[in-house]
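J.: So here's start_0.pdb (PDB, C-alpha atoms).
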```
MODEL        1
ATOM      1  CA  MET Q   1     116.139  99.937 159.198
ATOM      2  CA  ILE Q   2     115.476  97.396 156.451
ATOM      3  CA  THR Q   3     112.343  99.312 155.531
ATOM      4  CA  TYR Q   4     114.438 102.413 154.904
ATOM      5  CA  VAL Q   5     116.858 100.378 152.783
ATOM      6  CA  LEU Q   6     113.971  99.059 150.709
ATOM      7  CA  ALA Q   7     112.555 102.561 150.289
ATOM      8  CA  ALA Q   8     115.968 103.720 149.107
ATOM      9  CA  ALA Q   9     116.079 100.798 146.670
ATOM     10  CA  ALA Q  10     112.644 101.813 145.347
ATOM     11  CA  PHE Q  11     113.965 105.319 144.819
ATOM     12  CA  LEU Q  12     116.980 103.957 142.906
ATOM     13  CA  THR Q  13     114.779 101.830 140.655
ATOM     14  CA  LEU Q  14     112.614 104.886 140.014
ATOM     15  CA  LEU Q  15     115.686 106.841 138.905
ATOM     16  CA  ALA Q  16     116.750 103.953 136.670
ATOM     17  CA  SER Q  17     113.268 103.828 135.143
ATOM     18  CA  LEU Q  18     113.299 107.575 134.441
ATOM     19  CA  VAL Q  19     116.722 107.376 132.781
ATOM     20  CA  TYR Q  20     115.612 104.504 130.552
ATOM     21  CA  ILE Q  21     112.424 106.383 129.668
ATOM     22  CA  ARG Q  22     114.553 109.311 128.511
ATOM     23  CA  SER Q  23     116.824 107.029 126.522
ATOM     24  CA  ALA Q  24     113.811 105.269 124.964
ATOM     25  CA  ARG Q  25     112.369 108.639 123.889
ATOM     26  CA  LEU Q  26     115.626 109.553 122.153
ATOM     27  CA  ARG Q  27     115.728 106.159 120.446
ATOM     28  CA  PHE Q  28     112.127 106.550 119.312
ATOM     29  CA  ARG Q  29     112.950 109.907 117.711
ATOM     30  CA  VAL Q  30     115.599 108.168 115.636
ATOM     31  CA  VAL Q  31     113.010 105.575 114.556
ATOM     32  CA  ARG Q  32     110.611 108.344 113.494
ATOM     33  CA  LEU Q  33     113.351 110.112 111.535
ATOM     34  CA  ILE Q  34     114.082 106.918 109.618
ATOM     35  CA  ASP Q  35     110.350 106.395 108.981
ATOM     36  CA  ALA Q  36     110.046 109.935 107.597
ATOM     37  CA  ASP Q  37     112.952 109.471 105.198
ATOM     38  CA  VAL Q  38     111.858 108.991 101.581
ATOM     39  CA  ASN Q  39     114.673 106.485 100.966
ATOM     40  CA  ARG Q  40     114.019 104.505 104.131
ATOM     41  CA  ASP Q  41     116.688 101.954 105.024
ATOM     42  CA  VAL Q  42     114.866  98.844 106.283
ATOM     43  CA  GLU Q  43     117.922  97.473 108.070
ATOM     44  CA  ALA Q  44     118.645 100.783 109.807
ATOM     45  CA  HIS Q  45     114.986 100.973 110.858
ATOM     46  CA  SER Q  46     115.102  97.455 112.339
ATOM     47  CA  LEU Q  47     118.262  98.195 114.317
ATOM     48  CA  ALA Q  48     116.918 101.512 115.606
ATOM     49  CA  PHE Q  49     113.587  99.984 116.609
ATOM     50  CA  SER Q  50     115.367  97.101 118.356
ATOM     51  CA  ALA Q  51     117.390  99.579 120.430
ATOM     52  CA  TYR Q  52     114.200 101.502 121.263
ATOM     53  CA  ARG Q  53     112.402  98.307 122.297
ATOM     54  CA  LYS Q  54     115.289  97.341 124.579
ATOM     55  CA  GLU Q  55     115.305 100.718 126.339
ATOM     56  CA  ALA Q  56     111.510 100.743 126.644
ATOM     57  CA  HIS Q  57     111.577  97.235 128.136
ATOM     58  CA  SER Q  58     114.134  98.310 130.744
ATOM     59  CA  ALA Q  59     112.025 101.357 131.619
ATOM     60  CA  ILE Q  60     108.947  99.169 132.138
ATOM     61  CA  VAL Q  61     110.830  96.591 134.235
ATOM     62  CA  TYR Q  62     112.293  99.190 136.560
ATOM     63  CA  GLY Q  63     108.959 100.969 136.761
ATOM     64  CA  LEU Q  64     107.363  97.737 137.963
ATOM     65  CA  LEU Q  65     110.197  97.167 140.426
ATOM     66  CA  THR Q  66     109.645 100.651 141.821
ATOM     67  CA  THR Q  67     105.985  99.856 142.394
ATOM     68  CA  VAL Q  68     106.717  96.483 143.997
ATOM     69  CA  MET Q  69     109.517  97.781 146.220
ATOM     70  CA  GLY Q  70     107.470 100.764 147.309
ATOM     71  CA  SER Q  71     104.678  98.416 148.277
ATOM     72  CA  ALA Q  72     107.064  96.034 150.048
ATOM     73  CA  ALA Q  73     108.508  98.887 152.103
ATOM     74  CA  VAL Q  74     105.216  99.221 153.945
ATOM     75  CA  ILE Q  75     104.828  95.473 154.555
ATOM     76  CA  ASP Q  76     106.106  94.365 157.925
ATOM     77  CA  ASN Q  77     107.637  91.071 156.768
ATOM     78  CA  PRO Q  78     111.436  90.758 157.106
ATOM     79  CA  ASP Q  79     111.739  87.899 154.594
ATOM     80  CA  VAL Q  80     109.879  89.825 151.893
ATOM     81  CA  ILE Q  81     111.740  93.026 152.667
ATOM     82  CA  VAL Q  82     115.169  91.383 152.416
ATOM     83  CA  GLY Q  83     114.234  89.639 149.170
ATOM     84  CA  PHE Q  84     113.148  92.832 147.488
ATOM     85  CA  ALA Q  85     116.102  94.763 148.891
ATOM     86  CA  VAL Q  86     118.414  92.415 146.985
ATOM     87  CA  LEU Q  87     116.832  93.705 143.763
ATOM     88  CA  ALA Q  88     118.394  97.099 144.456
ATOM     89  CA  ALA Q  89     121.755  95.744 143.237
ATOM     90  CA  PRO Q  90     120.788  95.591 139.523
ATOM     91  CA  ALA Q  91     119.132  98.991 139.876
ATOM     92  CA  ILE Q  92     122.409 100.488 141.072
ATOM     93  CA  ALA Q  93     124.247  98.825 138.175
ATOM     94  CA  SER Q  94     121.617 100.080 135.741
ATOM     95  CA  LEU Q  95     122.036 103.631 136.977
ATOM     96  CA  TRP Q  96     125.738 103.348 136.230
ATOM     97  CA  TRP Q  97     125.162 101.992 132.733
ATOM     98  CA  ALA Q  98     122.115 104.165 132.019
ATOM     99  CA  ARG Q  99     124.284 107.250 131.596
ATOM    100  CA  LEU Q 100     125.946 105.428 128.713
ATOM    101  CA  SER Q 101     122.545 104.512 127.236
ATOM    102  CA  VAL Q 102     121.519 108.167 126.983
ATOM    103  CA  ARG Q 103     124.833 109.077 125.405
ATOM    104  CA  GLU Q 104     124.534 106.194 122.940
ATOM    105  CA  ALA Q 105     121.005 107.296 122.050
ATOM    106  CA  ARG Q 106     122.290 110.783 121.274
ATOM    107  CA  MET Q 107     125.127 109.293 119.247
ATOM    108  CA  ALA Q 108     122.587 107.231 117.273
ATOM    109  CA  ARG Q 109     120.602 110.394 116.531
ATOM    110  CA  ASN Q 110     123.736 112.279 115.445
ATOM    111  CA  ARG Q 111     124.896 109.334 113.366
ATOM    112  CA  TRP Q 112     121.571 109.177 111.586
ATOM    113  CA  ASP Q 113     121.749 112.896 110.791
ATOM    114  CA  ILE Q 114     125.291 112.508 109.432
ATOM    115  CA  GLU Q 115     124.336 109.485 107.312
ATOM    116  CA  ARG Q 116     121.279 111.292 105.961
ATOM    117  CA  ARG Q 117     123.326 114.350 104.979
ATOM    118  CA  ALA Q 118     125.985 112.113 103.437
ATOM    119  CA  GLY Q 119     123.316 110.310 101.420
ATOM    120  CA  GLU Q 120     121.910 113.613 100.189
ATOM    121  CA  ALA Q 121     125.403 114.769  99.214
ATOM    122  CA  LEU Q 122     126.037 111.555  97.277
ATOM    123  CA  GLU Q 123     122.694 111.855  95.526
ATOM    124  CA  GLN Q 124     123.473 115.444  94.523
ATOM    125  CA  GLU Q 125     126.919 114.357  93.358
ATOM    126  CA  GLN Q 126     125.327 111.741  91.105
ATOM    127  CA  LEU Q 127     122.721 114.142  89.723
ATOM    128  CA  ALA Q 128     125.076 117.089  89.181
ATOM    129  CA  PRO Q 129     126.919 115.641  86.137
ATOM    130  CA  LYS Q 130     123.602 114.803  84.460
ATOM    131  CA  ALA Q 131     122.215 118.279  85.083
ATOM    132  CA  TRP Q 132     125.474 119.853  83.894
ATOM    133  CA  ALA Q 133     125.529 117.746  80.721
ATOM    134  CA  ALA Q 134     121.899 118.673  80.039
ATOM    135  CA  ARG Q 135     122.886 122.363  80.074
ATOM    136  CA  LEU Q 136     125.728 121.803  77.618
ATOM    137  CA  ALA Q 137     123.867 119.461  75.289
ATOM    138  CA  PRO Q 138     120.095 119.542  75.930
ATOM    139  CA  GLU Q 139     118.035 116.564  74.832
ATOM    140  CA  GLU Q 140     115.407 118.867  73.350
ATOM    141  CA  VAL Q 141     115.961 121.964  71.245
ATOM    142  CA  PRO Q 142     113.465 124.820  70.905
ATOM    143  CA  ASP Q 143     111.188 125.145  67.885
ATOM    144  CA  PHE Q 144     111.607 128.080  65.528
ATOM    145  CA  SER Q 145     109.087 128.937  62.843
ATOM    146  CA  GLY Q 146     110.465 128.130  59.391
ATOM    147  CA  PHE Q 147     113.190 125.771  60.684
ATOM    148  CA  GLU Q 148     113.340 122.049  61.239
ATOM    149  CA  ILE Q 149     116.005 121.180  63.816
ATOM    150  CA  GLY Q 150     117.410 117.791  64.789
ATOM    151  CA  ARG Q 151     120.214 116.716  67.087
ATOM    152  CA  VAL Q 152     122.276 113.618  67.811
ATOM    153  CA  TYR Q 153     124.665 113.767  70.755
ATOM    154  CA  GLN Q 154     126.978 111.292  72.442
ATOM    155  CA  ALA Q 155     129.623 112.494  74.889
ATOM    156  CA  GLY Q 156     133.142 111.417  74.053
ATOM    157  CA  SER Q 157     134.082 110.452  77.630
ATOM    158  CA  GLY Q 158     131.646 110.182  80.524
ATOM    159  CA  LEU Q 159     129.043 112.760  81.486
ATOM    160  CA  MET Q 160     131.470 115.586  82.277
ATOM    161  CA  ALA Q 161     132.661 116.223  78.735
ATOM    162  CA  GLY Q 162     133.644 119.386  76.917
ATOM    163  CA  ASP Q 163     131.214 119.091  74.003
ATOM    164  CA  PHE Q 164     128.388 121.581  73.650
ATOM    165  CA  PHE Q 165     125.818 122.849  71.188
ATOM    166  CA  ASP Q 166     123.156 125.513  71.211
ATOM    167  CA  VAL Q 167     120.308 126.850  69.086
ATOM    168  CA  HIS Q 168     118.803 130.178  70.080
ATOM    169  CA  ARG Q 169     117.286 133.330  68.658
ATOM    170  CA  VAL Q 170     119.632 136.324  68.375
ATOM    171  CA  GLY Q 171     117.197 138.713  66.705
ATOM    172  CA  PRO Q 172     113.617 138.975  65.450
ATOM    173  CA  THR Q 173     114.511 137.240  62.159
ATOM    174  CA  ARG Q 174     117.830 135.596  63.064
ATOM    175  CA  VAL Q 175     118.565 132.214  64.652
ATOM    176  CA  ALA Q 176     122.050 131.031  65.649
ATOM    177  CA  ALA Q 177     123.252 127.423  65.735
ATOM    178  CA  VAL Q 178     126.437 126.732  67.701
ATOM    179  CA  ILE Q 179     128.630 123.665  68.124
ATOM    180  CA  GLY Q 180     131.881 123.379  70.060
ATOM    181  CA  ASP Q 181     134.379 121.068  71.687
ATOM    182  CA  VAL Q 182     136.843 121.825  74.484
ATOM    183  CA  ALA Q 183     140.080 119.819  74.459
ATOM    184  CA  GLY Q 184     140.292 117.239  77.229
ATOM    185  CA  HIS Q 185     137.594 115.771  79.423
ATOM    186  CA  GLY Q 186     136.372 115.945  82.989
ATOM    187  CA  ILE Q 187     135.185 118.792  85.136
ATOM    188  CA  GLU Q 188     137.706 121.395  83.921
ATOM    189  CA  SER Q 189     136.832 121.093  80.248
ATOM    190  CA  SER Q 190     133.139 120.916  81.126
ATOM    191  CA  ILE Q 191     133.353 124.202  83.051
ATOM    192  CA  THR Q 192     135.143 125.868  80.136
ATOM    193  CA  ALA Q 193     132.491 124.570  77.730
ATOM    194  CA  PHE Q 194     129.762 125.987  79.960
ATOM    195  CA  GLN Q 195     131.456 129.391  80.028
ATOM    196  CA  ALA Q 196     132.003 129.394  76.272
ATOM    197  CA  LYS Q 197     128.414 128.435  75.477
ATOM    198  CA  TYR Q 198     126.758 131.143  77.534
ATOM    199  CA  LEU Q 199     129.297 133.880  76.806
ATOM    200  CA  LEU Q 200     128.764 133.175  73.127
ATOM    201  CA  ARG Q 201     125.030 133.641  73.603
ATOM    202  CA  VAL Q 202     125.681 137.129  74.925
ATOM    203  CA  PHE Q 203     128.171 138.070  72.199
ATOM    204  CA  LEU Q 204     125.974 136.770  69.365
ATOM    205  CA  ARG Q 205     123.188 139.052  70.555
ATOM    206  CA  GLN Q 206     125.615 141.930  70.880
ATOM    207  CA  PHE Q 207     127.325 141.535  67.475
ATOM    208  CA  ARG Q 208     125.648 140.668  64.183
ATOM    209  CA  ASP Q 209     128.876 139.179  62.827
ATOM    210  CA  PRO Q 210     129.682 135.759  64.392
ATOM    211  CA  ALA Q 211     133.381 136.359  63.684
ATOM    212  CA  GLN Q 212     133.348 139.382  65.972
ATOM    213  CA  ALA Q 213     131.559 137.317  68.622
ATOM    214  CA  PHE Q 214     134.384 134.763  68.356
ATOM    215  CA  GLU Q 215     137.010 137.478  68.785
ATOM    216  CA  GLU Q 216     135.327 138.744  71.957
ATOM    217  CA  LEU Q 217     134.923 135.210  73.304
ATOM    218  CA  ASN Q 218     138.533 134.338  72.517
ATOM    219  CA  GLU Q 219     139.838 137.461  74.246
ATOM    220  CA  GLN Q 220     137.801 136.723  77.372
ATOM    221  CA  LEU Q 221     138.719 133.038  77.669
ATOM    222  CA  ALA Q 222     142.374 133.392  76.661
ATOM    223  CA  ALA Q 223     142.938 135.968  79.406
ATOM    224  CA  GLY Q 224     142.919 133.224  82.062
ATOM    225  CA  ASP Q 225     145.707 130.885  83.113
ATOM    226  CA  ARG Q 226     144.330 127.740  81.468
ATOM    227  CA  HIS Q 227     147.042 127.546  78.848
ATOM    228  CA  GLU Q 228     146.549 123.825  78.221
ATOM    229  CA  GLU Q 229     142.952 124.287  77.034
ATOM    230  CA  PHE Q 230     141.635 125.277  73.634
ATOM    231  CA  ILE Q 231     138.265 125.183  71.896
ATOM    232  CA  SER Q 232     137.083 124.421  68.407
ATOM    233  CA  ALA Q 233     133.691 125.921  67.608
ATOM    234  CA  ALA Q 234     131.437 126.893  64.736
ATOM    235  CA  VAL Q 235     128.499 129.295  64.478
ATOM    236  CA  VAL Q 236     125.864 129.637  61.771
ATOM    237  CA  VAL Q 237     123.446 132.580  61.893
ATOM    238  CA  PHE Q 238     120.334 132.117  59.744
ATOM    239  CA  ASP Q 239     118.617 135.331  58.653
ATOM    240  CA  THR Q 240     115.154 134.609  57.274
ATOM    241  CA  GLU Q 241     114.517 138.243  56.332
ATOM    242  CA  ALA Q 242     117.715 138.576  54.272
ATOM    243  CA  GLY Q 243     117.550 134.983  53.011
ATOM    244  CA  THR Q 244     121.167 134.317  53.995
ATOM    245  CA  LEU Q 245     123.278 132.363  56.416
ATOM    246  CA  ARG Q 246     126.500 133.744  57.865
ATOM    247  CA  TYR Q 247     128.992 131.405  59.461
ATOM    248  CA  ALA Q 248     132.322 131.505  61.269
ATOM    249  CA  SER Q 249     134.461 128.579  62.373
ATOM    250  CA  ALA Q 250     137.238 128.642  64.972
ATOM    251  CA  GLY Q 251     139.387 125.695  63.956
ATOM    252  CA  HIS Q 252     136.387 123.371  63.853
ATOM    253  CA  PRO Q 253     136.223 120.472  61.365
ATOM    254  CA  PRO Q 254     134.306 121.349  58.190
ATOM    255  CA  PHE Q 255     130.534 121.153  58.288
ATOM    256  CA  PHE Q 256     128.302 121.052  55.243
ATOM    257  CA  LEU Q 257     125.546 122.973  53.490
ATOM    258  CA  PHE Q 258     123.305 120.799  51.324
ATOM    259  CA  GLN Q 259     121.573 122.687  48.492
ATOM    260  CA  GLU Q 260     119.742 121.656  45.357
ATOM    261  CA  ASP Q 261     122.799 122.128  43.179
ATOM    262  CA  GLY Q 262     125.292 120.341  45.454
ATOM    263  CA  VAL Q 263     127.067 120.159  48.787
ATOM    264  CA  LEU Q 264     129.212 123.028  50.030
ATOM    265  CA  PRO Q 265     131.799 122.413  52.782
ATOM    266  CA  LEU Q 266     131.971 125.238  55.312
ATOM    267  CA  ARG Q 267     135.592 125.347  56.419
ATOM    268  CA  SER Q 268     137.441 127.067  59.236
ATOM    269  CA  THR Q 269     137.632 130.858  59.172
ATOM    270  CA  GLY Q 270     140.081 131.303  62.047
ATOM    271  CA  PRO Q 271     142.294 129.503  64.578
ATOM    272  CA  LEU Q 272     141.242 127.568  67.638
ATOM    273  CA  LEU Q 273     139.943 129.636  70.517
ATOM    274  CA  MET Q 274     142.176 130.311  73.548
ATOM    275  CA  LEU Q 275     145.455 129.887  71.651
ATOM    276  CA  ASP Q 276     146.066 133.584  71.040
ATOM    277  CA  PRO Q 277     144.033 136.344  72.722
ATOM    278  CA  LYS Q 278     144.690 138.634  69.712
ATOM    279  CA  ALA Q 279     143.619 136.122  67.064
ATOM    280  CA  SER Q 280     141.473 137.364  64.164
ATOM    281  CA  TYR Q 281     138.407 135.678  62.707
ATOM    282  CA  PHE Q 282     136.263 136.351  59.666
ATOM    283  CA  SER Q 283     132.879 135.143  58.507
ATOM    284  CA  ARG Q 284     131.277 134.197  55.212
ATOM    285  CA  GLU Q 285     127.757 134.892  54.007
ATOM    286  CA  ILE Q 286     125.928 132.513  51.691
ATOM    287  CA  PRO Q 287     122.473 132.868  50.067
ATOM    288  CA  MET Q 288     119.957 130.511  51.634
ATOM    289  CA  GLU Q 289     117.002 128.891  49.895
ATOM    290  CA  SER Q 290     114.000 127.043  51.249
ATOM    291  CA  GLY Q 291     114.892 123.367  51.729
ATOM    292  CA  ASP Q 292     118.608 123.964  52.361
ATOM    293  CA  LEU Q 293     120.179 121.748  55.033
ATOM    294  CA  VAL Q 294     123.165 122.474  57.280
ATOM    295  CA  VAL Q 295     124.875 119.528  58.994
ATOM    296  CA  MET Q 296     127.289 120.596  61.747
TER     297      MET Q 296
ENDMDL
END
```
I'd like the structure from this file rewritten - as structure tokens, please.
T.:
Amino acid sequence: MITYVLAAAAFLTLLASLVYIRSARLRFRVVRLIDADVNRDVEAHSLAFSAYRKEAHSAIVYGLLTTVMGSAAVIDNPDVIVGFAVLAAPAIASLWWARLSVREARMARNRWDIERRAGEALEQEQLAPKAWAARLAPEEVPDFSGFEIGRVYQAGSGLMAGDFFDVHRVGPTRVAAVIGDVAGHGIESSITAFQAKYLLRVFLRQFRDPAQAFEELNEQLAAGDRHEEFISAAVVVFDTEAGTLRYASAGHPPFFLFQEDGVLPLRSTGPLLMLDPKASYFSREIPMESGDLVVM
């Protein structure tokens, strides 16, 4: 009878060993995931490996107990049989707790996945304002034959500001320089600045007159429900074939044209954008000589 009890105890320890092996495998997968992460957390790795080592140790112990109890079951010695049969008690307890170990191992895996995704989201959240600001005010401007271009930029408030500038070709012999500022700060003004910058690119290619481009831009942006926003902006279109520059300014502070015979302020030629969808703008054309400098 005692032999059968010991055989049953060996079977229980075998089950406990198998459960701990499964739990150890799940824990080891978590360790490998942490190892594969580029931004590996040393503390998280130590905790995960400690949990794996604990489960692996339990699996080994109960595996050895299974071997010993199985061997003792065939030994005809009552004292030895009773002694080993007593070891079935922790095996039964381990089977009860082992179900929790597997669940905890799965929870550790799920937790690691959640933390990894959260870390990626935070990293993207930190990089997004920088990438957005780089679109509105790039650190480098393209080179155009016959022009020397420089820029100095400092956002008024944080990375998500409403300031923007642009220099791009609008025709075979024409280059446009744009500067603008959306009232306010934060994500809303930054989004409006982004829309204004790239819509203006389209309209400056579509219309030779920057004033007409402003009218189209104003009509598009003023049609929304953002009544608290407005934009000041200025555009200068340099035409190397005609030897002229044509500019329009939508409520922007004066900028200046430096020529050999003096400095000419280039003042506003229309109201702020987004105040009135039917607002009118006009442009001015000025002869341009080699060596002239425009400061916006």
J.: Between CA of Ala48 in chain Q and CA of Val30 in chain Q, what is the distance in Å, rounded to a tenth?
T.: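 Computed distance, CA of Ala48 in chain Q to CA of Val30 in chain Q, equals 6.8 Å.
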J.: Figure out the distance between CA of Tyr247 in chain Q and CA of Lys197 in chain Q, please, to one decimal in Å.
T.: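 CA of Tyr247 in chain Q lies at a distance of 16.3 Å from CA of Lys197 in chain Q.
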J.: Could you check the closest approach to Gln212 in chain Q for each of Q:Gly270, Q:Pro142, Q:Gly150, Q:Pro287 and tell me which residue wins, using all atoms listed in the file?
T.: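 Under the stated criterion, the closest residue is Q:Gly270.
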J.: Of the residues Q:Leu26, Q:Ala36, Q:Val31, Q:Leu272, which is the one nearest to Asp181 in chain Q, using all atoms listed in the file?
T.: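 Among Q:Leu26, Q:Ala36, Q:Val31, Q:Leu272, it is Q:Leu272 that comes nearest to Asp181 in chain Q.
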J.: Using the chain letters and numbers from the file, which residues does the PyMOL selection byres ((chain Q and resi 292) around 8) grab, as an mmCIF file with C-alpha atoms, in the coordinates of the input?
T.:
```cif
data_model
loop_
_atom_site.group_PDB
_atom_site.id
_atom_site.type_symbol
_atom_site.label_atom_id
_atom_site.label_comp_id
_atom_site.auth_asym_id
_atom_site.auth_seq_id
_atom_site.Cartn_x
_atom_site.Cartn_y
_atom_site.Cartn_z
ATOM 1 C CA LEU Q 257 125.546 122.973 53.490
ATOM 2 C CA PHE Q 258 123.305 120.799 51.324
ATOM 3 C CA GLN Q 259 121.573 122.687 48.492
ATOM 4 C CA GLU Q 260 119.742 121.656 45.357
ATOM 5 C CA MET Q 288 119.957 130.511 51.634
ATOM 6 C CA GLU Q 289 117.002 128.891 49.895
ATOM 7 C CA SER Q 290 114.000 127.043 51.249
ATOM 8 C CA GLY Q 291 114.892 123.367 51.729
ATOM 9 C CA LEU Q 293 120.179 121.748 55.033
ATOM 10 C CA VAL Q 294 123.165 122.474 57.280
#
```
J.: Might you pull out every residue within 6 Å of Arg246 in chain Q, with all atoms listed in the file counted and same-chain residues fewer than 5 positions away left off, and present them as a list of chain:residue names?
T.: Q:Val236, Q:Val237, Q:Arg284, Q:Glu285
J.: What does the PyMOL selection byres ((chain Q and resi 232) around 10) select in this file, as a PyMOL selection string?
T.: chain Q and resi 163+179-183+230-231+233-234+249-253+268+270-274
J.: How many Å lie between CA of Gly224 in chain Q and CA of Asp276 in chain Q, rounded to one decimal?
T.: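 The value is 11.5 Å.
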J.: Quick one: everything within 6 Å of range 52-68 of chain Q, counting all atoms listed in the file, minus sequence neighbours fewer than 3 positions away in the same chain. Send it as a PyMOL selection string.
T.: chain Q and resi 10+13-14+17+20-21+24+27-28+49+71
J.: Within 10 Å of Arg174 in chain Q, counting all atoms listed in the file, which residues qualify if same-chain residues fewer than 6 places away don't, as a list in words?
T.: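 Contacts, with the query itself left out: His168, Arg205, Arg208, Val237, Phe238, Asp239, Thr240, Glu241, Ala242, Thr244 and Leu245 of chain Q.
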J.: Identify the residues within 12 Å of coordinate (129.1, 129.5, 78.8) (same frame as the file), considering all atoms listed in the file, and give the answer as number ranges by chain.
T.: Q: 132, 135-137, 162-166, 178, 180, 182, 189-203, 217, 220-221
